Amino acid sequence: MVPKTESESRKLLGRLRDTMAEDAAGQARLDKITHLTADSMGTEVCSIYLFRDANTLELCATQGLKPEAVHETRMKLGEGLVGRVARSGKLINTADAPAAPGFRYMPETGEEIYSSFLGVPIQRLGEKLGVLVVQSKQVREFSDDEIYALEVVAMVLAEMTELGAFTGEGAALKARHTQAVLFRGATGQEGTAMGQAWLHEPRVVVTNLVTDDPEREADRLREAVDTLRVSVDEMLAGAMGDQEQVDVLEAYRMFANSKGWLRRMEEDIALGLSAEAAVEKEQSQARSRMSQVTDGYLRERLHDLDDLSNRLLRILTGQGRETGAKMPDAPILIARNIGPGELLDYGRSLKGVVLEQGSVGSHAAIVARALAIPLVIHAERITNEALNGDHILVDGDQGVVHLRPDETVVNAFRDKMAMQAKAQERYASIRETDCVSADGKRVHLLMNAGLMADLPSLVSSGAEGVGLFRTELQFLVRNQMPRRDELAALYKRVLDAAAGKQVIFRTLDIGSDKVLPYMKPQEEPNPALGWRAIRVALDRPGVMRMQLQALLRAADGRPMSIMFPFIAQYEEYARARAEVDKVIAREKRLGHKVPERLSVGCMLETPSLAYASDRFFREVEFLSIGGNDLKQFFFAADRENERVRRRYDTLNVSFLSFLEQIVKRCEATGTALSFCGEDAGRPVEALCFAAIGLRRLSMRPASIGPVKSLLMRYSLTEIRDVIEEARLRGEQSVRQSVMEYLRDSS
């Protein structure tokens with residue numbers, strides 16, 4: 001066995017670089033690489049397996065196995081030792097391959113005469129591309145030096161695959177970033193969009209993988225690390241007072257000053273990799289570890305290391321965000337994740353957003369709803385696959401993304417968008433018409449908002465007012481607490497734009513998944529049930545008083561409606577209402593105008609509030625059922641958990657019966673009641689809500705047309721009868737019965 005000295009590794013990498021530079025077909029390059037690697041490693045066999053699809057590996061080149069097996073031998077993910085390496089992303093090193101767990105005999109390859117087996121994954125930034133294998137007749141395990149050398153070759157193979165060095169005939173040798181790819185994610189915001197991909201963090205392309213001058217590359221790396229350390233120190237100096245940002249940057253500084261991190265990259269350079277390739281090899285390994293770690297804290301730290309590696313690569317390559325590329329005419333933003341401020345910077349130029357991470361209640365989702373653009377979350381690997389300018393279709397209704405779709409998919413998608421546009425034209429014709437059901441029942445449709453940019457929709461959508469104005473967005477997009485006069489000016493512009501229509505301002509709803517950038521996050525085992533919304537406000541009343549003052553001054557004597565979030569019991573409402581009274585008294589003493597009519601209500605988002613005393617229902621001036629939170633607490637199903645959030649139907653008999661109880665209590669006490677949330681904007685759900693007595697519904701502006709159209713076509717009395725009959729039959733959900741009635745009546 002040839003000893004794996006520093007110079008020997010460098011020779012092999014040099015040969016690989018020369019092979020990549022040759023004017024040869026992809027198959028010829030692969031064949032030569034297997035020959036060079038087997039020769040350098042002193043083994044009889046070297047084989048390269050690449051993915052032909054997400055679940056199938058194909059033998060694409062070999063030195064030592066039967067040549068006729070190339071492009072004929074295939075295995076499923078997890079099948080055989082090669083499949084195990086591909087599935088786990090971990091190497092397998094065994095002296096007796098036939099006796100190893102999971103071994104699968106492939107007679108067409110002639111590998112039965114080889115005992116030793118070493119397989120390492122070919123992966124780039126966490127994306128699995130294939131498996132590199134060496135085999136030998138000699139019964140022995142491969143040494144750490146040999147493993148290390150083969151991992152370096154696998155890394156170079158991954159980069160060469162990314163750069164299109166192995167394209168040719170057959171599915172496994174298709175050029176990357178050219179095939180149609182379907183991503184199944186989750187709905188963050190409904191809607192459809194067609195456009196071109198625009199990467200929030202453009203991919204850093206490493207073209208110089210191998211070096212002839214390791215000393216120079218090591219110097220380049222150290223200079224770049226020094227620059228990185230200085231930039232982190234400067235960011236830390238500017239983040240004082242922002243504890244969350246300080247914590248992240250402290251982690252950055254810890255990694256940037258890690259001797260082990262730098263040493264591992266220097267060792268890779270000594271073996272012949274360029275500085276950029278060494279950084280990316282370390283980053284790929286961190287991404288691989290990240291995918292296997294379940295501990296939240298460790299995942300965050302590995303994410304910090306991944307982000308730091310990106311920064312270091314940008315310093316080395318000079319490839320920053322400003323690449324000089326022009327944003328396309330119909331940009332669909334692609335990102336791993338994104339903050340609300342960054343998303344707002346793009347504004348309404350975006351046609352849609354696709355995230356690898358995110359959640360239905362995240363800041364990005366809130367902003368996407370405010371901008372009325374479709375959002376798909378949990379689209380895994382899309383940042384690795386997409387290139388700027390790629391044709392992309394976003395179906396926020398289904399949580400699906402088509403990247404580089406074929407013509408049949410494009411045509412079907414165009415038909416869907418055309419049908420939606422035609423429906424919108426139809427809805428526009430009833431925009432000025434009151435929403436009255438076929439049996440003469442009046443239903444009031446309002447819109448949800450959170451930005452000044454939403455307010456034009458008040459007219460164009462036909463909304464009768466704003467049933468929920470989310471005030472937290474103005475707090476979330478800043479690096480420091482907004483001033484009272486800034487908020488007052490904003491709220492005044494909102495009221496001016498509403499032109500006399502009611503606007504219900506919900507006070508600051510933070511905590512859970514909405515953490516202010518300048519507020520220390522609370523480590524809670526279950527944030528949705530933790531210190532959030534009104535609980536924060538009552539414990540830290542200074543911010544609530546400041547916001548109440550801003551709202552009252554914005555009214556400038558006009559009517560004002562204020563709503564408190566997440567009230568769970570009467571005492572919380574009473575304390576919050578007392579704060580309003582104190583602020584009013586103070587404003588009067590200061591000589592400021594107070595609203596001519598002030599309505600104070602709260603969100604009903606916890607089952608407990610439905611059972612509050614009659615005194616509460618008599619005192620509160622209005623209630624708005626917060627359907628998103630109420631449903632998750634009613635069914636004990638976290639709405640951020642994709643496994644359970646779709647399991648329970650809104651039209652479940654038990655949930656509708658619970659809503660009916662709330663309706664009856666409000667009718668008995670004369671308390672105004674509305675329903676606010678995603679379900680209010682779904683026509684069939686809205687029809688059922690109205691049938692059980694919920695006659696004020698607040699939703700996103702785009703939903704008002706479809707909801708009004710359906711409500712005006714049917715009798716609420718008859719829908720109520722259908723619901724009651726389904727309940728008497730013992731059905732779990734009334735959905736099927738209602739849908740059958742609608743089909744039969746159309």
# chains A, B, ... in the order shown; residues from 1 in each chain; ligands from 1
>>> residues_around(residues="Pro706 (chain A)", least_positions_apart="6", cutoff="8 Å", atoms="only C-alpha atoms", output="MDAnalysis selection string")
chainID A and resid 423 427 683
>>> write_last_selection(atoms="N, CA and C atoms", output="PDB file, in the first residue's frame")
ATOM      1  N   ALA A 423     -61.883  34.625 -12.084  1.00  0.00           N
ATOM      2  CA  ALA A 423     -62.712  34.673 -10.881  1.00  0.00           C
ATOM      3  C   ALA A 423     -62.590  36.030 -10.207  1.00  0.00           C
ATOM      4  N   TYR A 427     -65.421  38.641  -9.050  1.00  0.00           N
ATOM      5  CA  TYR A 427     -65.548  39.169  -7.692  1.00  0.00           C
ATOM      6  C   TYR A 427     -65.591  40.699  -7.704  1.00  0.00           C
ATOM      7  N   PRO A 683     -63.710  29.882   1.643  1.00  0.00           N
ATOM      8  CA  PRO A 683     -65.149  30.059   1.395  1.00  0.00           C
ATOM      9  C   PRO A 683     -66.062  29.061   2.090  1.00  0.00           C
TER      10      PRO A 683
END
>>> select_by_dssp(residues="region 354-477 of chain A", states="helix (DSSP H, G or I)", output="MDAnalysis selection string")
chainID A and resid 363:371 382:385 407:428 452:454 457:460 473:476
>>> write_last_selection(atoms="C-alpha atoms", output="short mmCIF file (atom, residue, chain, number, x, y, z; two decimals), in the first residue's frame")
data_model
loop_
_atom_site.label_atom_id
_atom_site.label_comp_id
_atom_site.auth_asym_id
_atom_site.auth_seq_id
_atom_site.Cartn_x
_atom_site.Cartn_y
_atom_site.Cartn_z
CA HIS A 363 -42.06 36.91 10.68
CA ALA A 364 -41.59 36.15 6.98
CA ALA A 365 -45.07 34.61 6.76
CA ILE A 366 -46.59 37.66 8.46
CA VAL A 367 -44.88 40.00 5.99
CA ALA A 368 -45.80 37.78 3.01
CA ARG A 369 -49.45 37.98 4.06
CA ALA A 370 -49.15 41.74 4.42
CA LEU A 371 -47.62 41.99 0.93
CA ILE A 382 -34.02 24.55 -3.10
CA THR A 383 -31.13 26.95 -2.42
CA ASN A 384 -28.73 24.23 -3.61
CA GLU A 385 -30.73 23.53 -6.75
CA GLU A 407 -44.09 22.86 -20.92
CA THR A 408 -47.04 20.69 -19.86
CA VAL A 409 -46.69 21.81 -16.23
CA VAL A 410 -46.32 25.46 -17.32
CA ASN A 411 -49.47 25.26 -19.46
CA ALA A 412 -51.50 23.67 -16.66
CA PHE A 413 -50.25 26.32 -14.23
CA ARG A 414 -51.12 29.12 -16.66
CA ASP A 415 -54.64 27.70 -16.95
CA LYS A 416 -54.97 27.71 -13.16
CA MET A 417 -53.77 31.33 -12.93
CA ALA A 418 -56.11 32.36 -15.76
CA MET A 419 -59.06 30.79 -13.96
CA GLN A 420 -58.10 32.65 -10.78
CA ALA A 421 -57.82 35.93 -12.70
CA LYS A 422 -61.23 35.36 -14.30
CA ALA A 423 -62.71 34.67 -10.88
CA GLN A 424 -61.18 37.91 -9.57
CA GLU A 425 -62.92 39.81 -12.39
CA ARG A 426 -66.18 38.25 -11.32
CA TYR A 427 -65.55 39.17 -7.69
CA ALA A 428 -64.83 42.78 -8.72
CA MET A 452 -49.54 50.85 5.31
CA ALA A 453 -49.10 49.03 2.01
CA ASP A 454 -52.16 46.92 2.88
CA SER A 457 -56.78 46.80 -0.50
CA LEU A 458 -59.49 48.25 1.74
CA VAL A 459 -61.09 49.75 -1.36
CA SER A 460 -60.04 47.25 -4.04
CA LEU A 473 -44.70 44.45 12.41
CA GLN A 474 -43.48 47.99 13.13
CA PHE A 475 -41.63 46.58 16.14
CA LEU A 476 -40.27 43.47 14.40
#
>>> residues_around(residues="Ala568 (chain A)", least_positions_apart="3", cutoff="10 Å", atoms="only C-alpha atoms", output="ChimeraX atom specification")
/A:534-535,565,571-573,602-612
>>> select_by_dssp(residues="region 433-561 of chain A", states="strand (DSSP E or B)", output="ChimeraX atom specification")
/A:436,442,444-449,466-470,503-506,511,514,560-561
>>> write_last_selection(atoms="C-alpha atoms", output="mmCIF file, in the first residue's frame")
data_model
loop_
_atom_site.group_PDB
_atom_site.id
_atom_site.type_symbol
_atom_site.label_atom_id
_atom_site.label_comp_id
_atom_site.auth_asym_id
_atom_site.auth_seq_id
_atom_site.Cartn_x
_atom_site.Cartn_y
_atom_site.Cartn_z
ATOM 1 C CA VAL A 436 -76.314 39.200 1.929
ATOM 2 C CA ARG A 442 -76.303 40.136 6.364
ATOM 3 C CA HIS A 444 -69.883 41.726 7.338
ATOM 4 C CA LEU A 445 -66.519 40.993 5.689
ATOM 5 C CA LEU A 446 -63.411 42.757 6.971
ATOM 6 C CA MET A 447 -59.735 42.486 6.144
ATOM 7 C CA ASN A 448 -56.587 41.816 8.120
ATOM 8 C CA ALA A 449 -53.640 44.209 7.732
ATOM 9 C CA VAL A 466 -60.033 46.344 9.108
ATOM 10 C CA GLY A 467 -60.930 43.616 11.573
ATOM 11 C CA LEU A 468 -57.319 43.192 12.662
ATOM 12 C CA PHE A 469 -54.396 45.562 12.248
ATOM 13 C CA ARG A 470 -51.259 43.788 13.500
ATOM 14 C CA VAL A 503 -59.869 49.843 12.037
ATOM 15 C CA ILE A 504 -59.331 47.511 15.004
ATOM 16 C CA PHE A 505 -55.757 47.863 16.255
ATOM 17 C CA ARG A 506 -54.445 44.796 18.079
ATOM 18 C CA GLY A 511 -43.412 36.209 22.161
ATOM 19 C CA LYS A 514 -42.388 36.626 17.272
ATOM 20 C CA MET A 560 -60.791 54.282 18.019
ATOM 21 C CA SER A 561 -60.972 50.485 18.442
#
>>> residues_around(residues="Glu380 (chain A)", least_positions_apart="6", cutoff="10 Å", atoms="only C-alpha atoms", output="PyMOL selection string")
chain A and resi 183-185+336+354-357
>>> atom_distance(atom1="CA of Val583 (chain A)", atom2="CA of Ala497 (chain A)")
25.3 Å
>>> atom_distance(atom1="CA of Arg493 (chain A)", atom2="CA of Lys593 (chain A)")
17.0 Å
>>> atom_distance(atom1="CA of Gln123 (chain A)", atom2="CA of Ala158 (chain A)")
5.8 Å
>>> residues_around(residues="Leu716 (chain A)", least_positions_apart="2", cutoff="12 Å", atoms="only C-alpha atoms", output="PyMOL selection string")
chain A and resi 436-443+684+686-695+710-714+718-723+738+742
>>> residues_around(residues="Val206 (chain A)", least_positions_apart="3", cutoff="8 Å", atoms="only C-alpha atoms", output="list in words")
Glu159, Leu209, Glu276, Ala277 and Thr317 of chain A
>>> write_last_selection(atoms="C-alpha atoms", output="PDB file, in the first residue's frame")
ATOM      1  CA  GLU A 159     -17.223  20.278  -6.757  1.00  0.00           C
ATOM      2  CA  LEU A 209     -10.077  23.495  -6.220  1.00  0.00           C
ATOM      3  CA  GLU A 276     -11.678  28.042  -0.907  1.00  0.00           C
ATOM      4  CA  ALA A 277     -11.935  24.277  -1.360  1.00  0.00           C
ATOM      5  CA  THR A 317     -13.654  34.775  -3.578  1.00  0.00           C
TER       6      THR A 317
END
>>> residues_around(residues="region 488-492 of chain A", least_positions_apart="3", cutoff="8 Å", atoms="only C-alpha atoms", output="PyMOL selection string")
chain A and resi 452+484-485+495-496+549-551+553-555
>>> closest_residue(among="A:Thr34, A:Gln502, A:Ser284, A:Ser40", to="Glu464 (chain A)", atoms="only C-alpha atoms")
A:Gln502
>>> closest_residue(among="A:Phe616, A:Trp198, A:Phe633, A:Tyr570", to="His391 (chain A)", atoms="only C-alpha atoms")
A:Trp198
>>> closest_residue(among="A:Asn257, A:Gln547, A:Ser349, A:Ser47", to="Ala372 (chain A)", atoms="only C-alpha atoms")
A:Ser349
>>> closest_atom_pairs(of="region 571-651 of chain A", to="region 186-192 of chain A", cutoff="12 Å", atoms="only C-alpha atoms", output="tab-separated table")
residue	atom	partner	partner_atom	distance
A:Arg639	CA	A:Gly188	CA	11.3
A:Glu640	CA	A:Gly188	CA	10.3
A:Asn641	CA	A:Ala186	CA	10.5
A:Glu642	CA	A:Ala186	CA	7.7
A:Arg643	CA	A:Ala186	CA	11.0
A:Arg645	CA	A:Ala186	CA	11.0
A:Arg646	CA	A:Ala186	CA	10.6
